[in-house]
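Asks: work_14.txt (compact mmCIF, C-alpha atoms) pasted underneath:
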# COMPACT_ATOMS: atom_id res chain seq x y z
CA GLY A 1 -17.76 -44.69 -45.90
CA VAL A 2 -17.78 -41.06 -47.00
CA ARG A 3 -17.38 -40.32 -50.67
CA ARG A 4 -14.40 -38.12 -51.33
CA GLN A 5 -15.04 -35.28 -53.76
CA VAL A 6 -12.29 -33.69 -55.80
CA ARG A 7 -12.91 -30.58 -57.87
CA HIS A 8 -10.49 -29.68 -60.64
CA HIS A 9 -9.61 -26.09 -61.39
CA CYS A 10 -8.00 -25.45 -64.74
CA ARG A 11 -7.43 -22.68 -67.25
CA PRO A 12 -9.64 -23.41 -70.27
CA GLU A 13 -7.67 -21.03 -72.47
CA ILE A 14 -4.61 -23.25 -71.93
CA SER A 15 -5.96 -26.75 -71.39
CA GLY A 16 -8.93 -26.50 -73.72
CA ALA A 17 -11.17 -28.15 -71.10
CA GLY A 18 -13.96 -26.94 -68.92
CA CYS A 19 -13.24 -25.89 -65.35
CA GLY A 20 -14.72 -27.13 -62.10
CA THR A 21 -14.89 -30.77 -63.11
CA GLN A 22 -15.95 -32.86 -60.11
CA PHE A 23 -15.50 -36.54 -59.49
CA GLU A 24 -16.00 -38.90 -56.58
CA GLN A 25 -13.87 -41.76 -55.27
CA ARG A 26 -15.40 -45.01 -54.06
CA PRO A 27 -15.71 -45.54 -50.32
CA ARG A 28 -12.90 -47.91 -49.30
CA GLY A 29 -12.05 -48.23 -53.00
CA ALA A 30 -8.31 -47.61 -52.62
CA GLY A 31 -8.63 -44.37 -54.59
CA GLU A 32 -10.76 -45.69 -57.48
CA LEU A 33 -13.18 -43.22 -59.05
CA MET A 34 -16.91 -43.76 -58.70
CA TYR A 35 -17.45 -42.62 -62.27
CA GLY A 36 -15.00 -42.51 -65.14
CA PRO A 37 -14.85 -42.46 -68.92
CA PRO A 38 -17.76 -44.36 -70.51
CA LYS A 39 -16.75 -47.63 -72.15
CA HIS A 40 -17.44 -46.36 -75.66
CA ARG A 41 -14.87 -43.61 -75.02
CA GLN A 42 -12.07 -45.97 -73.97
CA ARG A 43 -9.79 -47.09 -76.78
CA TYR A 44 -7.04 -49.63 -76.27
CA THR A 45 -6.90 -51.95 -79.28
CA PHE A 46 -4.92 -50.67 -82.24
CA GLY A 47 -4.17 -53.94 -84.04
CA THR A 48 -0.39 -53.86 -84.13
CA ALA A 49 1.52 -51.27 -82.14
CA ILE A 50 4.06 -49.06 -83.89
CA ASN A 51 7.54 -49.74 -82.56
CA VAL A 52 9.45 -46.63 -81.51
CA SER A 53 12.93 -46.25 -80.05
CA ALA A 54 13.98 -44.76 -76.75
CA THR A 55 16.24 -41.72 -76.83
CA ARG A 56 19.88 -42.74 -76.48
CA GLY A 57 21.87 -41.22 -73.63
CA ALA A 58 25.62 -40.67 -73.45
CA GLY A 59 26.22 -43.06 -70.54
CA HIS A 60 28.15 -40.33 -68.74
CA LEU A 61 27.31 -38.60 -65.44
CA SER A 62 29.24 -35.35 -65.96
CA HIS A 63 27.46 -32.00 -65.73
CA SER A 64 28.40 -31.07 -69.29
CA ALA A 65 27.17 -34.36 -70.80
CA LEU A 66 23.88 -34.09 -68.91
CA GLN A 67 23.30 -30.46 -69.91
CA ASP A 68 24.13 -31.18 -73.56
CA PHE A 69 21.57 -33.98 -73.58
CA ALA A 70 18.94 -31.88 -71.78
CA ARG A 71 19.26 -28.96 -74.20
CA ARG A 72 19.12 -31.28 -77.21
CA TYR A 73 15.99 -33.13 -76.08
CA ALA A 74 14.02 -30.44 -74.21
CA SER A 75 11.65 -30.04 -77.15
CA THR A 76 11.24 -33.84 -77.38
CA TYR A 77 10.12 -33.82 -73.75
CA SER A 78 7.73 -30.87 -74.01
CA SER A 79 6.02 -32.10 -77.20
CA ALA A 80 5.64 -35.78 -76.26
CA ASP A 81 2.30 -37.58 -76.37
CA PRO A 82 0.14 -38.31 -74.45
CA TYR A 83 1.78 -35.92 -71.96
CA LYS A 84 5.24 -34.54 -71.31
CA HIS A 85 7.72 -37.39 -70.94
CA ILE A 86 10.86 -38.98 -72.29
CA VAL A 87 12.24 -42.54 -72.33
CA ILE A 88 16.04 -42.73 -72.24
CA ASP A 89 18.32 -45.73 -72.69
CA ASN A 90 21.89 -45.60 -71.38
CA LEU A 91 21.66 -42.27 -69.55
CA VAL A 92 24.00 -43.71 -66.90
CA PRO A 93 27.03 -45.95 -67.56
CA GLU A 94 26.02 -49.49 -68.50
CA ALA A 95 28.38 -51.05 -65.96
CA LEU A 96 26.84 -49.01 -63.14
CA ALA A 97 23.27 -49.97 -64.09
CA HIS A 98 24.24 -53.64 -64.41
CA ALA A 99 25.96 -53.64 -61.02
CA CYS A 100 22.91 -52.04 -59.38
CA MET A 101 20.68 -54.68 -60.98
CA LYS A 102 22.86 -57.42 -59.50
CA GLU A 103 22.71 -55.80 -56.06
CA LEU A 104 18.91 -55.75 -56.11
CA GLN A 105 18.81 -59.27 -57.54
CA ALA A 106 20.89 -60.54 -54.63
CA LYS A 107 18.13 -59.45 -52.22
CA HIS A 108 15.31 -61.07 -54.21
CA TYR A 109 14.73 -64.02 -51.85
CA LEU A 110 15.00 -62.14 -48.56
CA PRO A 111 11.86 -62.27 -46.37
CA SER A 112 8.82 -60.31 -47.49
CA SER A 113 5.72 -59.37 -45.52
CA SER A 114 2.98 -56.78 -45.33
CA ALA A 115 3.99 -53.19 -44.59
CA SER A 116 3.54 -53.81 -40.86
CA GLY A 117 6.05 -56.68 -40.80
CA ALA A 118 8.99 -54.69 -39.46
CA SER A 119 11.39 -57.65 -39.38
CA SER A 120 11.15 -58.41 -43.12
CA PHE A 121 13.51 -56.91 -45.67
CA TRP A 122 10.83 -56.37 -48.34
CA LYS A 123 7.41 -54.90 -47.56
CA SER A 124 4.55 -56.10 -49.74
CA ARG A 125 1.47 -53.94 -50.23
CA SER A 126 -1.69 -55.21 -51.86
CA THR A 127 -4.91 -53.29 -52.54
CA PRO A 128 -7.62 -53.71 -55.19
CA MET A 129 -5.62 -51.21 -57.28
CA GLY A 130 -2.21 -52.86 -57.13
CA ALA A 131 0.25 -55.33 -55.66
CA LYS A 132 3.86 -54.26 -55.24
CA ARG A 133 6.94 -54.95 -53.13
CA GLY A 134 9.43 -52.35 -51.96
CA ARG A 135 11.33 -51.37 -48.85
CA GLY A 136 8.36 -49.69 -47.19
CA GLY A 137 8.48 -46.21 -45.72
CA TYR A 138 11.19 -43.94 -44.38
CA PRO A 139 13.99 -44.60 -43.54
CA GLU A 140 14.19 -48.10 -45.07
CA ASN A 141 13.29 -46.88 -48.57
CA THR A 142 16.27 -44.47 -48.52
CA GLN A 143 18.86 -46.99 -47.31
CA ALA A 144 20.71 -47.71 -50.54
CA GLU A 145 23.71 -49.04 -48.62
CA VAL A 146 21.88 -52.27 -47.73
CA PHE A 147 22.10 -53.19 -51.43
CA GLY A 148 25.62 -52.10 -52.27
CA PRO A 149 27.89 -49.33 -53.57
CA SER A 150 26.37 -49.10 -57.05
CA THR A 151 22.89 -48.53 -55.64
CA VAL A 152 24.33 -45.90 -53.28
CA ARG A 153 25.97 -44.16 -56.22
CA LEU A 154 22.71 -44.05 -58.20
CA PHE A 155 20.70 -42.80 -55.21
CA ASP A 156 23.24 -40.02 -54.67
CA PHE A 157 23.30 -39.15 -58.37
CA PHE A 158 19.53 -38.93 -58.86
CA GLN A 159 19.18 -36.68 -55.81
CA SER A 160 22.20 -34.50 -56.58
CA ARG A 161 22.10 -30.82 -57.50
CA ARG A 162 23.80 -31.76 -60.80
CA PHE A 163 20.97 -34.09 -61.76
CA ILE A 164 18.24 -31.70 -60.63
CA ALA A 165 19.84 -29.03 -62.86
CA PHE A 166 19.61 -31.55 -65.70
CA LEU A 167 15.89 -32.08 -65.00
CA GLU A 168 15.24 -28.35 -64.92
CA THR A 169 16.91 -27.86 -68.32
CA LEU A 170 15.16 -30.89 -69.83
CA THR A 171 11.64 -30.13 -68.55
CA GLY A 172 11.65 -26.34 -68.14
CA ILE A 173 10.39 -26.71 -64.56
CA ARG A 174 12.28 -24.44 -62.15
CA ASN A 175 12.95 -24.69 -58.42
CA LEU A 176 12.84 -28.48 -58.34
CA THR A 177 13.86 -30.35 -55.21
CA ALA A 178 14.25 -34.03 -54.42
CA ASP A 179 12.37 -35.62 -51.51
CA SER A 180 15.02 -36.67 -48.99
CA ARG A 181 12.51 -39.04 -47.37
CA MET A 182 11.54 -40.44 -50.80
CA PHE A 183 7.89 -40.95 -49.91
CA GLY A 184 6.47 -43.67 -52.18
CA GLY A 185 9.84 -44.07 -53.90
CA GLY A 186 13.07 -46.04 -53.62
CA PRO A 187 13.83 -49.58 -54.80
CA PHE A 188 11.09 -51.95 -55.95
CA SER A 189 11.19 -55.68 -56.63
CA ILE A 190 7.79 -56.67 -58.05
CA VAL A 191 7.21 -60.43 -57.99
CA ASN A 192 4.93 -62.52 -60.19
CA GLY A 193 1.34 -61.31 -60.00
CA GLY A 194 2.37 -57.73 -59.21
CA PHE A 195 0.58 -54.90 -61.02
CA LEU A 196 -0.43 -51.27 -60.66
CA SER A 197 -3.74 -50.03 -62.04
CA LEU A 198 -4.15 -46.88 -64.12
CA HIS A 199 -3.90 -43.74 -62.03
CA THR A 200 -2.53 -40.27 -61.63
CA ASP A 201 -0.40 -39.57 -58.58
CA PHE A 202 -1.02 -37.53 -55.44
CA ASN A 203 -0.06 -33.86 -55.75
CA LYS A 204 0.87 -33.60 -52.06
CA HIS A 205 0.86 -36.49 -49.62
CA GLN A 206 -0.77 -36.25 -46.20
CA THR A 207 -0.42 -38.42 -43.14
CA CYS A 208 -3.08 -38.32 -40.44
CA GLU A 209 -3.52 -39.29 -36.84
CA LYS A 210 -5.07 -42.67 -36.12
CA GLY A 211 -8.75 -42.76 -37.01
CA ILE A 212 -8.53 -39.81 -39.39
CA SER A 213 -8.53 -40.23 -43.16
CA PRO A 214 -7.04 -37.62 -45.50
CA ILE A 215 -9.64 -35.93 -47.68
CA PRO A 216 -9.12 -33.44 -50.51
CA THR A 217 -8.75 -29.91 -49.14
CA TYR A 218 -7.63 -26.53 -50.42
CA GLY A 219 -4.56 -24.98 -48.84
CA GLU A 220 -3.89 -26.62 -45.50
CA PRO A 221 -4.82 -30.24 -44.66
CA LYS A 222 -7.66 -30.84 -42.26
CA PRO A 223 -6.96 -30.96 -38.49
CA GLY A 224 -5.10 -34.12 -37.51
CA CYS A 225 -3.34 -34.39 -40.87
CA ARG A 226 -0.12 -32.89 -42.20
CA VAL A 227 1.67 -32.73 -45.54
CA VAL A 228 4.87 -34.81 -45.51
CA THR A 229 6.17 -34.14 -49.03
CA PRO A 230 8.37 -31.11 -49.85
CA GLY A 231 5.92 -29.19 -52.03
CA TRP A 232 3.92 -30.13 -55.12
CA ARG A 233 4.84 -33.32 -56.94
CA ARG A 234 6.01 -32.41 -60.44
CA LEU A 235 8.22 -35.16 -61.88
CA ASN A 236 8.57 -38.92 -61.62
CA LEU A 237 11.71 -40.78 -62.61
CA LEU A 238 11.59 -44.56 -63.02
CA MET A 239 14.80 -46.49 -63.68
CA TYR A 240 14.36 -50.09 -64.81
CA LEU A 241 16.88 -52.83 -64.02
CA ASN A 242 15.76 -55.94 -65.93
CA GLU A 243 18.15 -57.56 -68.37
CA GLY A 244 16.58 -59.15 -71.46
CA TRP A 245 13.00 -58.55 -70.23
CA ARG A 246 10.31 -59.73 -72.67
CA GLU A 247 6.92 -58.15 -73.30
CA GLU A 248 4.99 -61.30 -72.40
CA TRP A 249 6.53 -61.23 -68.91
CA GLY A 250 4.32 -58.25 -68.07
CA GLY A 251 5.23 -55.22 -66.02
CA SER A 252 5.51 -52.81 -68.95
CA PHE A 253 4.99 -49.14 -68.11
CA GLU A 254 1.82 -47.75 -69.73
CA LEU A 255 0.99 -44.12 -70.62
CA TRP A 256 -2.66 -43.27 -71.31
CA GLU A 257 -4.25 -40.14 -72.69
CA THR A 258 -7.22 -38.35 -71.09
CA ASP A 259 -8.51 -34.82 -70.43
CA PRO A 260 -9.15 -32.88 -67.18
CA ARG A 261 -12.75 -34.11 -67.17
CA TYR A 262 -11.68 -37.78 -67.51
CA SER A 263 -14.20 -37.98 -70.35
CA PHE A 264 -12.14 -40.50 -72.35
CA LEU A 265 -9.15 -42.84 -72.09
CA GLN A 266 -6.81 -43.92 -74.85
CA TYR A 267 -3.87 -46.33 -74.56
CA SER A 268 -1.02 -44.33 -76.04
CA LYS A 269 2.33 -45.93 -75.26
CA LYS A 270 3.88 -49.02 -73.65
CA VAL A 271 7.47 -49.03 -72.39
CA LEU A 272 9.24 -52.33 -71.72
CA PRO A 273 11.12 -52.16 -68.37
CA LEU A 274 14.58 -52.97 -69.75
CA LEU A 275 17.94 -52.65 -68.03
CA ASN A 276 19.29 -49.07 -67.91
CA ARG A 277 16.07 -47.59 -69.27
CA ILE A 278 14.72 -44.45 -67.59
CA ALA A 279 11.26 -42.91 -67.94
CA ILE A 280 10.79 -39.30 -66.81
CA PHE A 281 7.37 -37.67 -66.91
CA SER A 282 5.47 -34.64 -65.62
CA VAL A 283 2.95 -35.38 -62.87
CA THR A 284 -0.38 -33.66 -63.50
CA ASP A 285 -4.05 -34.53 -63.13
CA VAL A 286 -3.99 -36.09 -66.62
CA SER A 287 -0.74 -38.10 -66.49
CA ILE A 288 -2.50 -41.49 -66.36
CA HIS A 289 -0.07 -44.40 -66.05
CA GLY A 290 0.41 -47.85 -64.51
CA HIS A 291 1.46 -51.40 -65.35
CA LEU A 292 -1.61 -53.59 -65.72
CA ASP A 293 0.03 -56.57 -67.42
CA PRO A 294 0.89 -58.54 -64.24
CA VAL A 295 4.50 -59.59 -63.78
CA ASN A 296 4.76 -63.12 -65.12
CA HIS A 297 8.41 -64.18 -65.30
CA PRO A 298 8.83 -67.90 -66.15
CA HIS A 299 11.63 -68.34 -63.59
CA GLY A 300 10.16 -66.10 -60.88
CA GLU A 301 12.54 -63.20 -61.49
CA ALA A 302 11.30 -59.88 -60.09
CA ARG A 303 10.69 -56.68 -62.04
CA LYS A 304 13.31 -54.37 -60.52
CA SER A 305 13.29 -50.58 -60.54
CA LEU A 306 14.27 -47.42 -58.69
CA SER A 307 11.79 -44.55 -58.30
CA PHE A 308 12.54 -40.90 -57.53
CA TYR A 309 10.08 -38.00 -57.33
CA TYR A 310 10.71 -34.24 -57.56
CA TYR A 311 8.76 -31.28 -56.18
CA THR A 312 8.33 -27.52 -56.48
CA PRO A 313 7.04 -24.98 -53.94
CA THR A 314 4.32 -23.69 -56.30
CA ILE A 315 2.26 -24.83 -59.31
CA ASP A 316 1.73 -21.42 -60.92
CA ASP A 317 3.35 -22.66 -64.14
CA GLU A 318 1.17 -25.79 -64.53
CA PRO A 319 -2.58 -25.39 -65.21
CA LEU A 320 -3.11 -29.18 -65.28
CA ILE A 321 -2.48 -29.59 -61.53
CA THR A 322 -5.47 -28.85 -59.31
CA PRO A 323 -4.72 -26.73 -56.21
CA LEU A 324 -6.81 -29.22 -54.28
CA LEU A 325 -4.64 -31.54 -52.16
CA HIS A 326 -5.45 -35.13 -53.13
CA GLU A 327 -4.00 -38.62 -53.00
CA SER A 328 -3.60 -40.89 -56.05
CA VAL A 329 -6.69 -41.22 -58.25
CA TYR A 330 -7.42 -44.51 -60.07
CA MET A 331 -9.42 -45.03 -63.24
CA PRO A 332 -12.47 -47.23 -62.49
CA GLY A 333 -12.76 -50.79 -63.73
CA HIS A 334 -9.28 -51.24 -65.15
CA ALA A 335 -7.81 -53.28 -62.29
CA ALA A 336 -10.34 -55.99 -63.13
CA LEU A 337 -8.98 -56.23 -66.68
CA ARG A 338 -5.51 -57.39 -65.72
CA SER A 339 -4.42 -60.85 -66.88
CA VAL A 340 -1.27 -62.50 -68.17
CA GLU A 341 -2.81 -62.43 -71.68
CA ARG A 342 -3.81 -58.76 -71.53
CA TRP A 343 -0.63 -57.69 -73.35
CA ARG A 344 -1.96 -59.43 -76.47
CA THR A 345 -5.44 -57.92 -76.42
CA MET A 346 -4.89 -54.40 -75.02
CA VAL A 347 -2.61 -52.85 -77.62
CA PRO A 348 -1.30 -49.25 -77.50
CA LYS A 349 -0.53 -46.97 -80.40
CA TYR A 350 3.22 -47.20 -79.73
CA THR A 351 5.58 -49.59 -77.98
CA VAL A 352 9.11 -48.78 -76.83
CA ARG A 353 10.87 -52.15 -77.05
Could you render the structure from this file as C-alpha cells?
Replies:
Amino acid sequence: GVRRQVRHHCRPEISGAGCGTQFEQRPRGAGELMYGPPKHRQRYTFGTAINVSATRGAGHLSHSALQDFARRYASTYSSADPYKHIVIDNLVPEALAHACMKELQAKHYLPSSSASGASSFWKSRSTPMGAKRGRGGYPENTQAEVFGPSTVRLFDFFQSRRFIAFLETLTGIRNLTADSRMFGGGPFSIVNGGFLSLHTDFNKHQTCEKGISPIPTYGEPKPGCRVVTPGWRRLNLLMYLNEGWREEWGGSFELWETDPRYSFLQYSKKVLPLLNRIAIFSVTDVSIHGHLDPVNHPHGEARKSLSFYYYTPTIDDEPLITPLLHESVYMPGHAALRSVERWRTMVPKYTVR
C-alpha cells in the first residue's frame, strides 16, 4: 500500500502554529495516522469531570425565534473550547423530537447487512476505526419518509433556508449550503458494540472509479476521481434521539483539543446523546471528535441520531482548513482503547449530562 501524505497549510499569525506540517496515513489503515501525538502529550484523566449544562433552546421553529437564539449565543459558539461548537437542548419542539425518536425506534429490528446488502433496510459498516449502522448512501440516506412524518419534518427543517440562515447568524459563516445528497449523513441507529474513533472529517469527499483510491490533492482530484460534495465541509449538526440515556451505556460524543501539528491531544468535553439534544460544531483540521465508549445498552436499544452537514464554496475565512483535499483523518492508537469500562477511566474536563 502507498502511504498517503497530507500537508497542512495554515496562517501562523492566526493559528499560532507552524505551517507545512506533514503527516502520513497507514496503508489500509482506514484513515489512521502513521504518527500522532506522543503518549506523554495525551491527557485524558482529570479525576472527576466538571458538569456543565447545555444551552436551552426555545423549542420553536419560527424564523424569529431561531434568529433571536442565534444572536444571543453567537459569542458562546465562537469562544467555545476546544473548538467552535454549541450543545443545545430543546431547540425543536419536544413532541416533534419524541415522535421522530419513536419512528426510528420502530425500524430498529429491520434487517441489517454490510453496505453492499441492497435488500436490507439498515447498512452496517465496520472498519478498524469504527462500527456504525445507517441507511447507507444516496438516495436511501435521504428518504425520511420511510420512517414517518416527524422525521420528514425534521429533515426538511434542517435543510431549509430558514435554518441555514440561523446557522449563518450563530456561527458567522456565510454562504452555507446543505448537501441534498447528504453524503455521510442521515439517520443512524448504532447497536451495541458500535463506536467511532477520534478523527477530523474530510474537507471534500471524492469518489473514484474502480481500482483507483482517492489521495490528497490540491485543487482538482486526480484523474478517475471526482468531488461529490457541494463545496468545503464547514459545519456538522448531530441531533440525538435517546430518551433517558445513561453515561455507562456508551455512545457519548467526545470533543478533543489538538493543534495543526497534532503534537498533543487532550480530552476536553463529553456530551451525553440525550433526546432532543443537538451538537453543532465547525469542521476544521483540528476538530477532533468521536464516540469511543462503545454502545452498551442493557436491553439492546440503539443509539439513535440524525446527522446533517453544511458546506461553503470557499475557505478563505478559515485558516484551520487545509486547501488539500483529504478524507477523514484518525488519531492513531485510540480505537484500541475502546471498552465498556472506558467511560470510567478516560475522563474529560467537562461533561454535558
Asks: Provide the atom CA of Glu32 of chain A to atom CA of Cys208 of chain A distance in Å, to one decimal place.
Replies: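 Value for the atom CA of Glu32 of chain A-atom CA of Cys208 of chain A distance: 20.1 Å.
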Asks: Just how far from atom CA of Thr314 of chain A is atom CA of Asp81 of chain A, in Å to one decimal?
Replies: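 Value for the atom CA of Asp81 of chain A-atom CA of Thr314 of chain A distance: 24.5 Å.
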Asks: Using all atoms listed in the file, I'd like a table of the residues in segment 89-168 of chain A that come within 12 Å of segment 246-259 of chain A; for each, show the closest atom pair and its distance in Å rounded to one decimal, ordered by chain and ascending number, as CSV.
Replies:
residue,atom,partner,partner_atom,distance
A:Gly130,CA,A:Gly251,CA,11.8
A:Ala131,CA,A:Gly251,CA,11.5
A:Lys132,CA,A:Gly251,CA,10.9
Asks: So that I have them on file, write out the residues from the current selection with C-alpha atoms, as a compact mmCIF listing (two decimals), in the frame of the given file.
Replies:
# COMPACT_ATOMS: atom_id res chain seq x y z
CA GLY A 130 -2.21 -52.86 -57.13
CA ALA A 131 0.25 -55.33 -55.66
CA LYS A 132 3.86 -54.26 -55.24
Asks: Determine the nearest neighbour of Val271 of chain A from the options A:His297, A:Arg338, A:His326, A:His85, counting all atoms listed in the file.
Replies: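 The answer is A:His85, which sits nearest to Val271 of chain A.
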Asks: Go ahead and compute the interatomic distance for atom CA of Trp232 of chain A and atom CA of Ser213 of chain A, in Å to one decimal.
Replies: 20.0 Å
